[in-house]
Structure formats: structure tokens, C-alpha cells
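Engineer: This is the structure I have questions about; it appears just below.
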Protein chains: 2
Amino acid sequence: MKLELSSRRRAILDFIRDFIEERGYPPTVRDIQNGCHISSTSVVDYHLRALEREGHLRRDLKVSRGLELLGVAGRANMVAVPLIGHIAAGEPMPVPQPDAWDVVSGADTLEVPAELLRGRSEVYALRVKGDSMVDALIGDGDVVLMQQVNQAEDGDMVAVWLKGERSVTLKRLYREADRVRLEPANSTMAPIYAAPDDVEVQGRVVGVVRAY
Amino acid sequence: MKLELSSRRRAILDFIRDFIEERGYPPTVRDIQNGCHISSTSVVDYHLRALEREGHLRRDLKVSRGLELLGVAGRANMVAVPLIGHIAAGEPMPVPQPDAWDVVSGADTLEVPAELLRGRSEVYALRVKGDSMVDALIGDGDVVLMQQVNQAEDGDMVAVWLKGERSVTLKRLYREADRVRLEPANSTMAPIYAAPDDVEVQGRVVGVVRAY
DNA sequence: CTACACTTAGAACGTAAGTTCTATGCGAGG
DNA sequence: CCTCGCATAGAACTTACGTTCTAAGTGTAG
């Protein structure tokens with residue numbers, strides 16, 4: 001792929017990118033003509049051929065809008081994940097309707113690289129409130145990707161619903177003889193103990209995303 | 001957006017999704033007709049109208065291939081970021097060709113939500129080796145998103161190239177009277193000091209992504 | 001049964017859009 | 001000067017493609 005591009009080529013490539021971004025499908029030769037102030041469709045065709053030769057795009061001849069951007073401009077495997085709310089990683093925090101945690105209700109969605117999920121399905125995202133998981137490298141404001149599961153291994157980082165307190169919290173879960181220990185990953189905080197019947201596992205952390 | 005879909009509609013939607021995935025642009029009415037074994041273009045048109053009414057897609061009338069998938073099927077704002085290698089967040093680690101850090105050489109690319117970048121350009125990704133940044137909630141194996149910059153504010157988390165040692169490392173940078181302090185975010189590790197001429201800022205951390 | 005909403009069908013129409021042809025201007029090299 | 005590669009121009013050709021029209025086959029409710 002060539003690095004230097006004439007300003008004309010550059011403009012055409014940028015126009016195509018913007019057009020797809022905005023409309024969801026590629027432009028026609030004449031769209032490009034107008035968008036880049038080119039006087040003739042043959043000139044556009046000429047440059048498109050050049051751009052294809054240089055590897056910047058792929059053309060399907062005789063097909064309307066038959067072009068696809070290659071390279072970094074092309075799209076990779078992404079998965080849409082609903083960002084459905086907040087979760088307390090400190091003191092358990094009452095949640096309005098925990099059952100509103102439904103995949104379909106996600107107005108906000110977050111797209112993450114598919115490789116981050118490793119093929120898992122039923123994944124949703126929550127924004128973390130609080131600092132109880134800092135030792136697990138999860139801080140206030142981070143977004144955690146959760147897999148919707150009902151069971152957990154000892155030591156898994158899970159979102160649990162405490163029926164008695166009507167609240168949800170993010171903790172590491174350990175089963176003990178007659179109770180469940182919910183341990184924050186923060187050396188300054190004490191674990192919470194609850195009756196097995198009182199805790200309901202909502203999901204397990206499978207990823208973390210953070211922006212500065 | 002309706003939840004239940006007739007098998008015909010389902011098939012059409014799936015076909016459109018796959019078609020775009022594979023070719024980079026949407027199908028024509030007749031592509032759909034053939035792909036879904038429908039006998040007439042008018043039937044396709046009929047169902048497309050219905051799907052648009054139900055909010056599954058958007059059509060631009062009179063425009064060839066003028067359709068765009070909406071909802072989770074549609075693509076959110078994503079940015080392609082080249083994942084161009086590893087970076088030591090422990091002891092400085094010699095890198096084969098640090099100048100190969102070129103945006104074009106990224107064979108591997110990672111797509112991240114645009115909101116994570118907040119409009120920044122010239123962003124690339126590196127996988128972190130070592131534990132020196134654990135106090136900043138960045139652990140071994142995490143992927144950091146780097147913005148390509150040449151200068152940094154005091155306290156910024158940056159990738160620096162140490163000319164003398166021919167190595168790259170991830171640290172917080174502080175300017176001092178006659179030297180530069182490179183401080184790991186790990187209380188058990190000591191800072192590194194270097195001459196201002198010896199350090200070259202390669203980039204600044206703008207995000208973190210982690211998979212379990 | 002009729003009535004109605006939903007779906008399927010085939011054919012035709014008009015134009016959007018990819019392509020091709022020919023001609024011209026410009027700069028570098030011989 | 002001429003030639004050659006690169007870029008620009010305008011117009012015409014041919015087809016792909018969205019749309020529309022008409023007709024008929026379902027199933028369900030009254």
C-alpha cells in the first residue's frame with residue numbers, strides 16, 4: 001500500500017470513508033464526482049482504478065457502489081454489547097430494577113473486539129462505581145464486560161444480587177460451609193458474608209475497558 | 001423494534017448482514033431475491049418496506065443498495081487501531097525494531113469504541129508485559145491504547161524510548177531539574193532516571209482493554 | 001360464504017450508474 | 001521539437017436496479 005497520495009486521491013478516499021460512515025453504504029462514481037468537485041466521471045474512474053492498483057480499496061466491476069475500503073479503514077470483527085447500567089464495587093448499592101437487566105433493553109451499546117469475548121454470548125456491560133476491586137485492577141469508572149451466568153466457581157469475580165438488601169455488588173465469590181463470602185479486591189475492605197439463599201449470581205466478569 | 005420476525009424477514013436480514021460482512025457494501029433487491037430464493041423483486045421490496053417500518057433497517061429510496069442495518073446489527077462508531085507489538089512495563093526491554101512502530105505495518109488491528117478515543121487520532125495499541133503499572137490498574141497482558149505524541153505533561157503515562165539502552169518502557173514521566181524521572185506505578189519498584197536527551201516520548205496511554 | 005390482511009408472483013418502466021471512447025493540457029526526458 | 005506518462009474533460013452507450021402495476025394465493029374472523 002503506497003504511503004503518499006496525491007491530494008485528489010486523498011480527497012476521494014476520505015470522501016468514501018465519510019460517505020460510508022454517514023450513509024452506511026459506499027458512494028457511486030457520481031457521488032464521488034460531486035463530493036470531490038471533479039468534472040467528469042471518467043476522472044473518478046481513472047483514480048479509482050489507481051487506488052485499487054495501489055491496494056487502498058477493492059472494486060467489484062460493473063457493480064453499483066461496488067467498492068470496499070481496505071486496510072485500517074476496513075472493519076474488523078466486532079461484537080455489540082449492551083451497556084445496561086452501573087454496578088457498585090464498594091458498598092452494595094440498591095438498584096432500581098435489577099430485572100431490567102435485560103439484553104433487549106440496552107439503549108446504549110458498546111462495541112468491543114470479538115477476541116475480547118472469545119466466543120462467549122450473552123455478554124453485557126456495566127460501569128463500575130467504587131473502588132473495592134482496585135487490587136483486581138478494576139477502578140471507579142471502568143466498564144466491565146459481564147457474561148450472564150447463574151453459577152460461579154470459587155474465586156470468580158461476579159455480580160451478585162443480595163436479596164435481603166435488594167442490592168447488587170461486584171465481588172469475588174467463595175463458598176464456605178454454611179455461607180457465602182463476598183470478598184472485595186481491596187485490602188482495606190472487609191468481606192461480606194451472606195446466606196447461600198440470599199445471593200444470586202447475575203454474571204461473571206470477562207473483560208475490562210477503560211478510557212483516560 | 002419488533003422482536004418476532006417471520007422466517008422470510010429473518011432470512012432477508014441475515015442475508016443482508018452476511019452480504020455486507022463479505023462484500024463491504026449492501027446487496028441490491030435482486031441480490032436479496034437470489035440469495036433468499038424469492039421469486040420476485042416486488043416481494044423483496046414488500047418485505048424491505050415492512051422491515052423499515054419495523055425499524056430494522058433504513059432505506060434510501062431510489063438509491064441502489066440504499067439500505068443500512070439499524071440496531072445492534074448496524075455498526076456503532078468504531079475505530080480501527082493497529083496492535084503493533086508489546087511494551088515492557090517492568091524493566092526496560094530491548095525491542096527488535098522500535099522504528100517499525102509505524103501505523104501502516106499493523107498486521108493485527110483492534111477495533112475499539114470511538115468514544116474510548118474521544119476523537120484522538122494517531123492511536124495504536126500495545127500489549128503490556130510486566131507488572132510495573134499495577135497501581136495504575138494496568139497489569140501484565142493488558143492492551144494499552146497509545147496516542148502517538150512527542151511531548152508529555154508531567155505525570156502522564158507514556159511509552160519512552162531510551163536511546164542509550166535501546167529499549168522501550170511504559171512509565172509515568174516527570175521532568176526534574178537536569179534529568180527525567182520515569183516512575184513505575186508499583187510501590188515495590190524504584191524510579192529510573194535518565195538524561196533528557198536520552199529519552200524520547202513515543203506515545204501516551206489513553207485507554208486500557210483487558211480480557212479474562 | 002364473504003371480507004380482509006398478509007404474502008407471493010411476473011412483467012414492465014424509467015433512470016441511476018458503471019463503463020468506454022476520444023480529445024486535451026502539462027511536465028519531464030531525450 | 002517530439003514523445004510519453006499522468007491527469008483532466010465531455011459525451012455517449014448499456015446495463016443494473018429501484019419501483020410500480022396487476023393479479024392471485026393464503027389464512028383467519030365474522
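For the C-alpha cells, the naming scheme is as follows: chains receive sequential letters (A, B, ...) according to their order of presentation, residues are indexed from 1 within each chain, and ligands are indexed from 1 in presentation order.
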Using only C-alpha atoms (C1' of nucleotides), tabulate the residues of chain B lying at most 8 Å from any atom of chain C, each with its closest atom pair and that distance in Å to one decimal, by chain and increasing residue number, as a tab-separated table.

Structural biologist:
residue	atom	partner	partner_atom	distance
B:Ser39	CA	C:DA9	C1'	7.0
B:Ser40	CA	C:DA9	C1'	6.3
B:Val43	CA	C:DT8	C1'	6.7
B:Val63	CA	C:DA16	C1'	7.7
B:Ser64	CA	C:DA16	C1'	7.7

Engineer: Contacts between chain A and chain D, please, where a residue of chain D counts if it comes within 10 Å (with only C-alpha atoms (C1' of nucleotides)); show its shortest atom pair and distance in Å to one decimal, rows by chain and ascending number, as a Markdown table.

Structural biologist:
| residue | atom | partner | partner_atom | distance |
| --- | --- | --- | --- | --- |
| D:DA7 | C1' | A:Val43 | CA | 8.1 |
| D:DT8 | C1' | A:Val43 | CA | 6.7 |
| D:DA9 | C1' | A:Ser40 | CA | 6.3 |
| D:DG10 | C1' | A:Ser40 | CA | 7.2 |
| D:DT15 | C1' | A:Lys62 | CA | 8.7 |
| D:DA16 | C1' | A:Ser64 | CA | 7.7 |
| D:DC17 | C1' | A:Ser64 | CA | 8.9 |

Engineer: So how far away is atom CA of A:Ser132 from atom CA of B:Ala136, in Å?

Structural biologist: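 Atom CA of A:Ser132 lies 14.6 Å from atom CA of B:Ala136.
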
Engineer: Of the residues A:Arg17, A:Lys129, A:Lys171, A:Arg49, which is the one nearest to chain B, using only C-alpha atoms?

Structural biologist: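 The answer is A:Arg17, which sits nearest to chain B.
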
Engineer: With only C-alpha atoms as the basis for distance, which of B:Gly164, B:Gly35, B:Gly55, B:Gly139 is at the shortest distance from chain A?

Structural biologist: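 The shortest atom-to-atom distance to chain A comes from B:Gly139.
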
Engineer: As an MDAnalysis selection string, please: the residues near stretch 145-151 of chain A (cut-off 7 Å, only C-alpha atoms (C1' of nucleotides), same-chain neighbours under 3 positions excluded).

Structural biologist: chainID A and resid 122:126 201:208

Engineer: Could you dump the residues just selected with C-alpha atoms as a PDB file, in the first residue's frame?

Structural biologist:
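In the end it all went to out_27.pdb:
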ATOM      1  CA  GLU A 122     -24.942 -13.268  26.491  1.00  0.00           C
ATOM      2  CA  VAL A 123     -22.466 -10.611  27.394  1.00  0.00           C
ATOM      3  CA  TYR A 124     -23.405  -7.196  28.709  1.00  0.00           C
ATOM      4  CA  ALA A 125     -21.511  -4.260  30.098  1.00  0.00           C
ATOM      5  CA  LEU A 126     -21.723  -2.318  33.337  1.00  0.00           C
ATOM      6  CA  VAL A 201     -25.161 -14.669  40.793  1.00  0.00           C
ATOM      7  CA  GLN A 202     -26.001 -12.288  37.968  1.00  0.00           C
ATOM      8  CA  GLY A 203     -22.886 -12.521  35.882  1.00  0.00           C
ATOM      9  CA  ARG A 204     -19.173 -13.034  35.716  1.00  0.00           C
ATOM     10  CA  VAL A 205     -16.535 -10.508  34.702  1.00  0.00           C
ATOM     11  CA  VAL A 206     -14.921 -11.431  31.406  1.00  0.00           C
ATOM     12  CA  GLY A 207     -13.303  -8.169  30.441  1.00  0.00           C
ATOM     13  CA  VAL A 208     -12.456  -4.618  31.367  1.00  0.00           C
TER      14      VAL A 208
END

Engineer: Quick one: pull the distance between atom CA of A:Asp156 and atom CA of A:Tyr174, Å, one decimal.

Structural biologist: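 So the answer is 8.0 Å.
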
Engineer: Report, in Å to a single decimal, how far apart atom CA of A:Arg127 and atom CA of B:Glu183 are.

Structural biologist: 28.9 Å
